[in-house]
$ cat input.pdb   # PDB, C-alpha atoms and all ligand atoms
ATOM      1  CA  MET A 855     110.197 129.270 122.501
ATOM      2  CA  ARG A 856     112.046 126.326 121.019
ATOM      3  CA  ILE A 857     109.756 123.439 120.060
ATOM      4  CA  ALA A 858     111.085 120.121 118.801
ATOM      5  CA  PHE A 859     109.358 117.776 116.388
ATOM      6  CA  PHE A 860     110.327 114.158 116.150
ATOM      7  CA  ASP A 861     109.459 111.516 113.560
ATOM      8  CA  SER A 862     111.155 108.472 112.064
ATOM      9  CA  GLY A 863     111.427 110.491 108.853
ATOM     10  CA  ILE A 864     109.671 113.226 106.903
ATOM     11  CA  GLY A 865     106.072 112.365 107.855
ATOM     12  CA  GLY A 866     106.095 114.755 110.795
ATOM     13  CA  LEU A 867     106.630 117.664 108.407
ATOM     14  CA  THR A 868     102.919 117.458 107.595
ATOM     15  CA  VAL A 869     102.233 118.255 111.254
ATOM     16  CA  LEU A 870     104.997 120.855 111.540
ATOM     17  CA  LYS A 871     103.513 122.721 108.585
ATOM     18  CA  GLN A 872     100.213 123.125 110.441
ATOM     19  CA  ALA A 873     102.018 123.978 113.691
ATOM     20  CA  ILE A 874     103.986 126.808 112.064
ATOM     21  CA  ALA A 875     100.746 128.245 110.690
ATOM     22  CA  ALA A 876      99.269 128.217 114.198
ATOM     23  CA  LEU A 877     102.404 129.434 116.032
ATOM     24  CA  PRO A 878     104.390 131.522 113.527
ATOM     25  CA  ASN A 879     106.798 133.084 116.049
ATOM     26  CA  GLU A 880     108.425 130.028 117.559
ATOM     27  CA  GLU A 881     111.763 128.443 116.829
ATOM     28  CA  TRP A 882     111.516 124.845 115.542
ATOM     29  CA  LEU A 883     113.768 121.861 115.605
ATOM     30  CA  TYR A 884     112.830 118.982 113.306
ATOM     31  CA  TYR A 885     114.464 115.624 113.959
ATOM     32  CA  ALA A 886     114.030 112.759 111.476
ATOM     33  CA  ASP A 887     115.531 109.419 112.442
ATOM     34  CA  THR A 888     116.590 108.711 108.864
ATOM     35  CA  ARG A 889     119.170 106.131 109.901
ATOM     36  CA  ASN A 890     116.426 103.917 111.345
ATOM     37  CA  VAL A 891     113.337 104.676 109.280
ATOM     38  CA  PRO A 892     110.975 102.848 108.710
ATOM     39  CA  TYR A 893     109.889 102.114 112.275
ATOM     40  CA  GLY A 894     106.594 100.426 111.425
ATOM     41  CA  VAL A 895     108.096  97.157 110.192
ATOM     42  CA  LYS A 896     110.644  96.780 113.010
ATOM     43  CA  PRO A 897     110.333  95.039 116.387
ATOM     44  CA  LYS A 898     109.016  97.187 119.194
ATOM     45  CA  ASP A 899     112.150  97.058 121.354
ATOM     46  CA  GLU A 900     114.384  98.131 118.509
ATOM     47  CA  VAL A 901     112.106 101.088 117.736
ATOM     48  CA  ARG A 902     111.939 102.095 121.388
ATOM     49  CA  ALA A 903     115.737 102.191 121.593
ATOM     50  CA  CYS A 904     115.853 104.459 118.509
ATOM     51  CA  ILE A 905     113.260 106.795 119.993
ATOM     52  CA  PHE A 906     114.978 107.078 123.354
ATOM     53  CA  SER A 907     118.297 107.867 121.792
ATOM     54  CA  ALA A 908     116.726 110.546 119.544
ATOM     55  CA  VAL A 909     114.798 112.161 122.403
ATOM     56  CA  GLU A 910     117.909 112.131 124.604
ATOM     57  CA  PHE A 911     119.613 114.182 121.880
ATOM     58  CA  LEU A 912     116.660 116.567 121.681
ATOM     59  CA  ALA A 913     116.487 116.957 125.449
ATOM     60  CA  LYS A 914     119.966 118.498 125.319
ATOM     61  CA  GLN A 915     118.938 121.152 122.780
ATOM     62  CA  ASP A 916     117.213 123.467 125.248
ATOM     63  CA  ILE A 917     113.712 122.662 124.022
ATOM     64  CA  GLN A 918     110.566 123.764 125.824
ATOM     65  CA  ALA A 919     108.214 121.211 124.261
ATOM     66  CA  LEU A 920     108.367 118.106 122.107
ATOM     67  CA  VAL A 921     105.875 116.820 119.561
ATOM     68  CA  ILE A 922     106.164 113.137 118.729
ATOM     69  CA  ALA A 923     104.814 113.610 115.191
ATOM     70  CA  CYS A 924     104.656 109.874 114.660
ATOM     71  CA  ASN A 925     101.813 107.531 115.537
ATOM     72  CA  THR A 926     104.147 104.540 115.697
ATOM     73  CA  ALA A 927     106.594 106.155 118.130
ATOM     74  CA  THR A 928     103.724 107.426 120.255
ATOM     75  CA  SER A 929     102.183 103.996 120.518
ATOM     76  CA  VAL A 930     105.379 102.324 121.741
ATOM     77  CA  ALA A 931     107.010 105.006 123.886
ATOM     78  CA  ILE A 932     104.893 108.004 124.882
ATOM     79  CA  SER A 933     104.205 107.116 128.515
ATOM     80  CA  ASP A 934     107.818 106.197 129.245
ATOM     81  CA  LEU A 935     109.032 109.396 127.573
ATOM     82  CA  ARG A 936     106.660 111.498 129.672
ATOM     83  CA  ALA A 937     107.873 109.761 132.810
ATOM     84  CA  ARG A 938     111.501 110.462 131.926
ATOM     85  CA  TYR A 939     111.454 114.119 130.803
ATOM     86  CA  ASP A 940     110.187 117.324 132.376
ATOM     87  CA  PHE A 941     109.196 119.229 129.230
ATOM     88  CA  PRO A 942     105.696 118.703 127.825
ATOM     89  CA  ILE A 943     105.495 115.883 125.263
ATOM     90  CA  ILE A 944     102.627 115.829 122.788
ATOM     91  CA  GLY A 945     101.924 112.564 121.012
ATOM     92  CA  MET A 946      99.730 111.424 118.135
ATOM     93  CA  GLU A 947      97.315 108.594 117.705
ATOM     94  CA  PRO A 948      95.140 107.570 114.755
ATOM     95  CA  ALA A 949      92.083 109.849 114.706
ATOM     96  CA  VAL A 950      89.652 107.048 115.460
ATOM     97  CA  LYS A 951      87.558 109.139 117.838
ATOM     98  CA  PRO A 952      86.534 111.869 115.370
ATOM     99  CA  ALA A 953      85.838 109.153 112.815
ATOM    100  CA  VAL A 954      83.498 107.347 115.211
ATOM    101  CA  VAL A 955      81.793 110.587 116.287
ATOM    102  CA  LYS A 956      80.998 111.467 112.662
ATOM    103  CA  ASN A 957      80.011 107.947 111.707
ATOM    104  CA  THR A 958      76.430 107.340 110.650
ATOM    105  CA  GLY A 959      76.517 103.621 110.011
ATOM    106  CA  LYS A 960      79.063 102.586 107.412
ATOM    107  CA  LYS A 961      82.507 101.197 108.217
ATOM    108  CA  ILE A 962      85.690 102.994 109.192
ATOM    109  CA  LEU A 963      89.043 101.875 107.805
ATOM    110  CA  VAL A 964      92.137 102.754 109.835
ATOM    111  CA  PHE A 965      95.419 102.882 107.919
ATOM    112  CA  ALA A 966      98.573 102.724 110.041
ATOM    113  CA  THR A 967     101.952 101.013 110.195
ATOM    114  CA  SER A 968     102.140  97.341 111.158
ATOM    115  CA  LEU A 969     103.671  98.231 114.509
ATOM    116  CA  THR A 970     100.943 100.736 115.383
ATOM    117  CA  LEU A 971      98.329  98.143 114.432
ATOM    118  CA  ARG A 972      99.958  95.513 116.653
ATOM    119  CA  GLU A 973     100.222  97.752 119.699
ATOM    120  CA  SER A 974      97.825  97.711 122.634
ATOM    121  CA  LYS A 975      97.415 101.511 122.589
ATOM    122  CA  LEU A 976      95.369 101.401 119.375
ATOM    123  CA  GLU A 977      93.590  98.199 120.381
ATOM    124  CA  THR A 978      92.489  99.784 123.658
ATOM    125  CA  LEU A 979      91.263 102.896 121.854
ATOM    126  CA  ILE A 980      89.333 100.847 119.311
ATOM    127  CA  SER A 981      87.764  98.542 121.871
ATOM    128  CA  LEU A 982      86.589 101.581 123.855
ATOM    129  CA  LEU A 983      85.042 103.284 120.834
ATOM    130  CA  ASP A 984      84.041 100.555 118.418
ATOM    131  CA  LYS A 985      80.742  99.600 119.987
ATOM    132  CA  ARG A 986      79.202  98.552 116.676
ATOM    133  CA  ASN A 987      82.178  96.645 115.314
ATOM    134  CA  GLN A 988      82.618  99.057 112.428
ATOM    135  CA  ILE A 989      86.363  99.563 112.470
ATOM    136  CA  GLU A 990      88.784  97.708 110.201
ATOM    137  CA  ARG A 991      92.565  98.076 110.079
ATOM    138  CA  ARG A 992      95.079  97.961 107.241
ATOM    139  CA  GLU A 993      98.836  98.518 107.058
ATOM    140  CA  LEU A 994     100.302 100.684 104.304
ATOM    141  CA  ASP A 995     103.954 100.372 105.369
ATOM    142  CA  GLY A 996     105.205 100.739 101.808
ATOM    143  CA  LEU A 997     104.121 104.389 101.724
ATOM    144  CA  VAL A 998     106.685 105.253 104.396
ATOM    145  CA  THR A 999     109.546 104.089 102.189
ATOM    146  CA  PHE A1000     108.113 105.852  99.146
ATOM    147  CA  ALA A1001     107.916 109.120 101.090
ATOM    148  CA  GLU A1002     111.480 108.770 102.380
ATOM    149  CA  ASP A1003     112.609 108.365  98.763
ATOM    150  CA  PHE A1004     110.668 111.555  97.902
ATOM    151  CA  GLU A1005     108.559 109.361  95.634
ATOM    152  CA  PHE A1006     105.074 110.812  95.832
ATOM    153  CA  ASP A1007     102.709 111.017  92.890
ATOM    154  CA  THR A1008     104.365 108.376  90.668
ATOM    155  CA  PRO A1009     103.172 105.240  88.822
ATOM    156  CA  LEU A1010     105.099 103.102  91.327
ATOM    157  CA  VAL A1011     103.087 104.507  94.226
ATOM    158  CA  GLN A1012      99.888 104.279  92.209
ATOM    159  CA  ASN A1013     100.551 100.577  91.518
ATOM    160  CA  TYR A1014     101.343  99.902  95.162
ATOM    161  CA  LEU A1015      98.052 101.460  96.246
ATOM    162  CA  LEU A1016      96.080  99.709  93.515
ATOM    163  CA  GLU A1017      97.483  96.410  94.686
ATOM    164  CA  LYS A1018      96.769  97.142  98.354
ATOM    165  CA  PHE A1019      93.204  98.170  97.525
ATOM    166  CA  ALA A1020      92.544  95.449  94.940
ATOM    167  CA  ASN A1021      89.804  93.736  96.941
ATOM    168  CA  THR A1022      88.479  96.799  98.703
ATOM    169  CA  ARG A1023      84.768  97.490  98.268
ATOM    170  CA  TRP A1024      84.796 101.225  98.902
ATOM    171  CA  GLU A1025      81.026 101.551  99.133
ATOM    172  CA  GLN A1026      81.186  99.860 102.561
ATOM    173  CA  TYR A1027      83.181 102.702 104.068
ATOM    174  CA  GLN A1028      82.299 106.156 105.280
ATOM    175  CA  THR A1029      85.673 107.213 106.636
ATOM    176  CA  LEU A1030      89.355 106.448 106.188
ATOM    177  CA  VAL A1031      91.704 107.315 109.030
ATOM    178  CA  LEU A1032      95.267 108.189 108.000
ATOM    179  CA  GLY A1033      97.000 106.899 111.128
ATOM    180  CA  CYS A1034     100.593 107.550 110.080
ATOM    181  CA  THR A1035     102.021 110.974 109.351
ATOM    182  CA  HIS A1036     103.811 109.733 106.229
ATOM    183  CA  PHE A1037     100.463 108.731 104.683
ATOM    184  CA  ILE A1038      99.322 112.368 104.573
ATOM    185  CA  PHE A1039     101.593 112.962 101.577
ATOM    186  CA  PHE A1040      99.437 110.471  99.638
ATOM    187  CA  ARG A1041      96.084 111.844 100.731
ATOM    188  CA  ASP A1042      95.003 112.982  97.264
ATOM    189  CA  MET A1043      95.948 109.675  95.641
ATOM    190  CA  ILE A1044      94.064 107.683  98.271
ATOM    191  CA  GLN A1045      91.068 109.994  97.974
ATOM    192  CA  ALA A1046      91.046 109.587  94.190
ATOM    193  CA  LEU A1047      91.055 105.781  94.512
ATOM    194  CA  ALA A1048      88.453 105.676  97.289
ATOM    195  CA  GLY A1049      86.154 108.241  95.684
ATOM    196  CA  ASN A1050      84.859 111.571  96.899
ATOM    197  CA  SER A1051      82.014 110.220  98.985
ATOM    198  CA  ILE A1052      84.524 108.864 101.525
ATOM    199  CA  GLU A1053      85.994 111.233 104.100
ATOM    200  CA  LEU A1054      89.703 111.090 104.949
ATOM    201  CA  ILE A1055      90.622 112.048 108.511
ATOM    202  CA  ASP A1056      94.010 112.534 110.132
ATOM    203  CA  GLY A1057      95.237 113.503 113.583
ATOM    204  CA  ASN A1058      97.285 116.544 112.575
ATOM    205  CA  GLU A1059      94.798 119.241 113.474
ATOM    206  CA  GLY A1060      94.074 117.722 116.883
ATOM    207  CA  THR A1061      97.785 117.441 117.607
ATOM    208  CA  VAL A1062      98.435 121.076 116.712
ATOM    209  CA  ARG A1063      95.474 122.160 118.844
ATOM    210  CA  HIS A1064      96.970 120.223 121.727
ATOM    211  CA  LEU A1065     100.357 121.877 121.141
ATOM    212  CA  VAL A1066      98.824 125.358 121.044
ATOM    213  CA  ARG A1067      96.935 124.658 124.280
ATOM    214  CA  THR A1068     100.151 123.437 125.873
ATOM    215  CA  VAL A1069     102.533 126.219 124.861
ATOM    216  CA  GLY A1070     100.183 128.906 123.612
ATOM    217  CA  GLN A1071     100.331 131.176 126.606
ATOM    218  CA  LYS A1072     104.088 131.326 126.962
ATOM    219  CA  THR A1073     106.119 134.038 125.279
ATOM    220  CA  SER A1074     108.307 133.482 122.275
ATOM    221  CA  ALA A1075     112.105 133.197 122.117
ATOM    222  CA  ALA A1076     114.393 136.071 121.151
ATOM    223  CA  LEU A1077     113.136 137.892 118.083
ATOM    224  CA  ASP A1078     116.144 137.048 115.947
ATOM    225  CA  SER A1079     115.401 133.337 116.157
ATOM    226  CA  THR A1080     111.655 133.366 115.553
ATOM    227  CA  GLY A1081     110.350 131.310 112.683
ATOM    228  CA  ARG A1082     113.676 129.530 112.285
ATOM    229  CA  ILE A1083     113.731 125.783 111.642
ATOM    230  CA  LEU A1084     116.741 123.601 112.431
ATOM    231  CA  PHE A1085     116.747 120.208 110.724
ATOM    232  CA  TYR A1086     118.509 117.096 112.005
ATOM    233  CA  SER A1087     118.789 113.575 110.621
ATOM    234  CA  SER A1088     119.573 111.037 113.367
ATOM    235  CA  GLY A1089     121.530 113.604 115.378
ATOM    236  CA  VAL A1090     123.413 115.236 112.505
ATOM    237  CA  GLU A1091     122.483 118.664 111.184
ATOM    238  CA  ASP A1092     121.060 118.378 107.664
ATOM    239  CA  SER A1093     122.955 119.571 104.605
ATOM    240  CA  PRO A1094     121.708 122.706 102.801
ATOM    241  CA  ALA A1095     120.567 120.473  99.906
ATOM    242  CA  ARG A1096     118.383 118.336 102.172
ATOM    243  CA  VAL A1097     117.081 121.381 104.041
ATOM    244  CA  HIS A1098     116.029 122.800 100.690
ATOM    245  CA  ARG A1099     114.055 119.614  99.886
ATOM    246  CA  LEU A1100     112.439 119.540 103.324
ATOM    247  CA  MET A1101     111.507 123.225 103.146
ATOM    248  CA  ALA A1102     109.775 122.559  99.818
ATOM    249  CA  LEU A1103     107.518 120.039 101.602
ATOM    250  CA  LEU A1104     106.526 122.721 104.119
ATOM    251  CA  LYS A1105     105.294 125.101 101.401
TER     252      LYS A1105
HETATM  253  N1  LIG A1201     105.459 108.499 110.552
HETATM  254  C1  LIG A1201     105.267 107.376 111.399
HETATM  255  C2  LIG A1201     103.835 107.300 111.923
HETATM  256  O1  LIG A1201     103.159 108.305 112.015
HETATM  257  C3  LIG A1201     105.729 106.011 111.001
HETATM  258  C4  LIG A1201     106.666 105.782 109.878
HETATM  259  C5  LIG A1201     107.566 104.572 110.015
HETATM  260  O2  LIG A1201     107.126 103.425 109.828
HETATM  261  O3  LIG A1201     108.726 104.828 110.286
HETATM  262  O4  LIG A1201     103.375 106.245 112.284
END

$ encode --input "input.pdb" --output "structure tokens"
Amino acid sequence: MRIAFFDSGIGGLTVLKQAIAALPNEEWLYYADTRNVPYGVKPKDEVRACIFSAVEFLAKQDIQALVIACNTATSVAISDLRARYDFPIIGMEPAVKPAVVKNTGKKILVFATSLTLRESKLETLISLLDKRNQIERRELDGLVTFAEDFEFDTPLVQNYLLEKFANTRWEQYQTLVLGCTHFIFFRDMIQALAGNSIELIDGNEGTVRHLVRTVGQKTSAALDSTGRILFYSSGVEDSPARVHRLMALLK
């Protein structure tokens, strides 16, 4: 089976990595909208147009399922995408629910892009679940750009995070929700700053579980294509040099 992954950039690779572990015999197509990343700081209509053009491209690639491995894209387009296409479309949203279920009294801090935080999808989810007014929100848009520049564990990133967290009193929080797939690359740095008594949660595992439930029963594609990954950047097949860099992030 051919399963497509879509993200504004490389963040969705963190989800693809877990999906490959769960479904090792499928053929994968990974589409990063590198021409338009970052989505999170752009107006909603502009981002929606980018998503629709990317998914239109993917729809022509004989795919049997699509994972929108991007919280931002999911929040602005998932229902319209599902209405338009016949193949199953799996989306992602910040893992607020598991954070609330595990919560024993302290606060929950949801990190996401500015656009995700502005959208009604997250607001609706939070108002349904946040009965005790424990959830706070914070954008970390800068991490998306760092990730796209393959800038991970560097002093520049460290300084950015230190600045963002300058007035944060960590002892108030029990859980941090990483509500953007790009943020997963910085999990260890955020954990080190927040301290080990705080739990970091993301939506990757839930998304992969949903994908497995959706496609799990169907048989795989021809044997010679199993396990193969095709990489695209905004509709253009990636160069061997970029593929090499992306593959390293899947290790
Ligand atoms: N990776 C995307 C997400 O999960 C957003 C990155 C962006 O701002 O483009 O929200």

$ residues_around --input "input.pdb" --residues "range 886-892 of chain A" --least-positions-apart "6" --cutoff "6 Å" --atoms "all atoms listed in the file" --output "list of chain:residue names"
A:Asp861, A:Ser862, A:Gly863, A:Ser1087, A:Ser1088

$ residues_near_ligand --input "input.pdb" --ligand "ligand LIG 1201 (chain A)" --cutoff "6 Å" --atoms "only C-alpha atoms and all ligand atoms" --output "JSON, numbers by chain"
{"A": [861, 862, 865, 891, 892, 893, 894, 924, 925, 926, 967, 998, 1034, 1035, 1036]}

$ closest_residue --input "input.pdb" --among "A:Gly1049, A:Pro897, A:Gly1033, A:Gly945" --to "Val1062 in chain A" --atoms "only C-alpha atoms"
A:Gly945

$ atom_distance --input "input.pdb" --atom1 "CA of Ala931 in chain A" --atom2 "CA of Met946 in chain A"
11.3 Å

$ atom_distance --input "input.pdb" --atom1 "CA of Arg986 in chain A" --atom2 "CA of Gly1057 in chain A"
22.1 Å

$ resolve_selection --input "input.pdb" --expression "the PyMOL selection byres (((chain A and resi 994) around 8) and not hetatm)" --output "list in words"
Phe965, Ala966, Thr967, Ser968, Arg992, Glu993, Asp995, Gly996, Leu997, Val998 and Lys1018 of chain A

$ resolve_selection --input "input.pdb" --expression "the PyMOL selection byres (((chain A and resi 944) around 7) and not hetatm)" --output "number ranges by chain"
A: 920-922, 942-943, 945, 1065

$ residues_near_point --input "input.pdb" --point "(111.7, 118.8, 132.4)" --cutoff "10 Å" --atoms "all atoms listed in the file" --output "ChimeraX atom specification"
/A:913,917-919,936-943

$ atom_distance --input "input.pdb" --atom1 "CA of Asp1092 in chain A" --atom2 "CA of Glu1002 in chain A"
14.6 Å
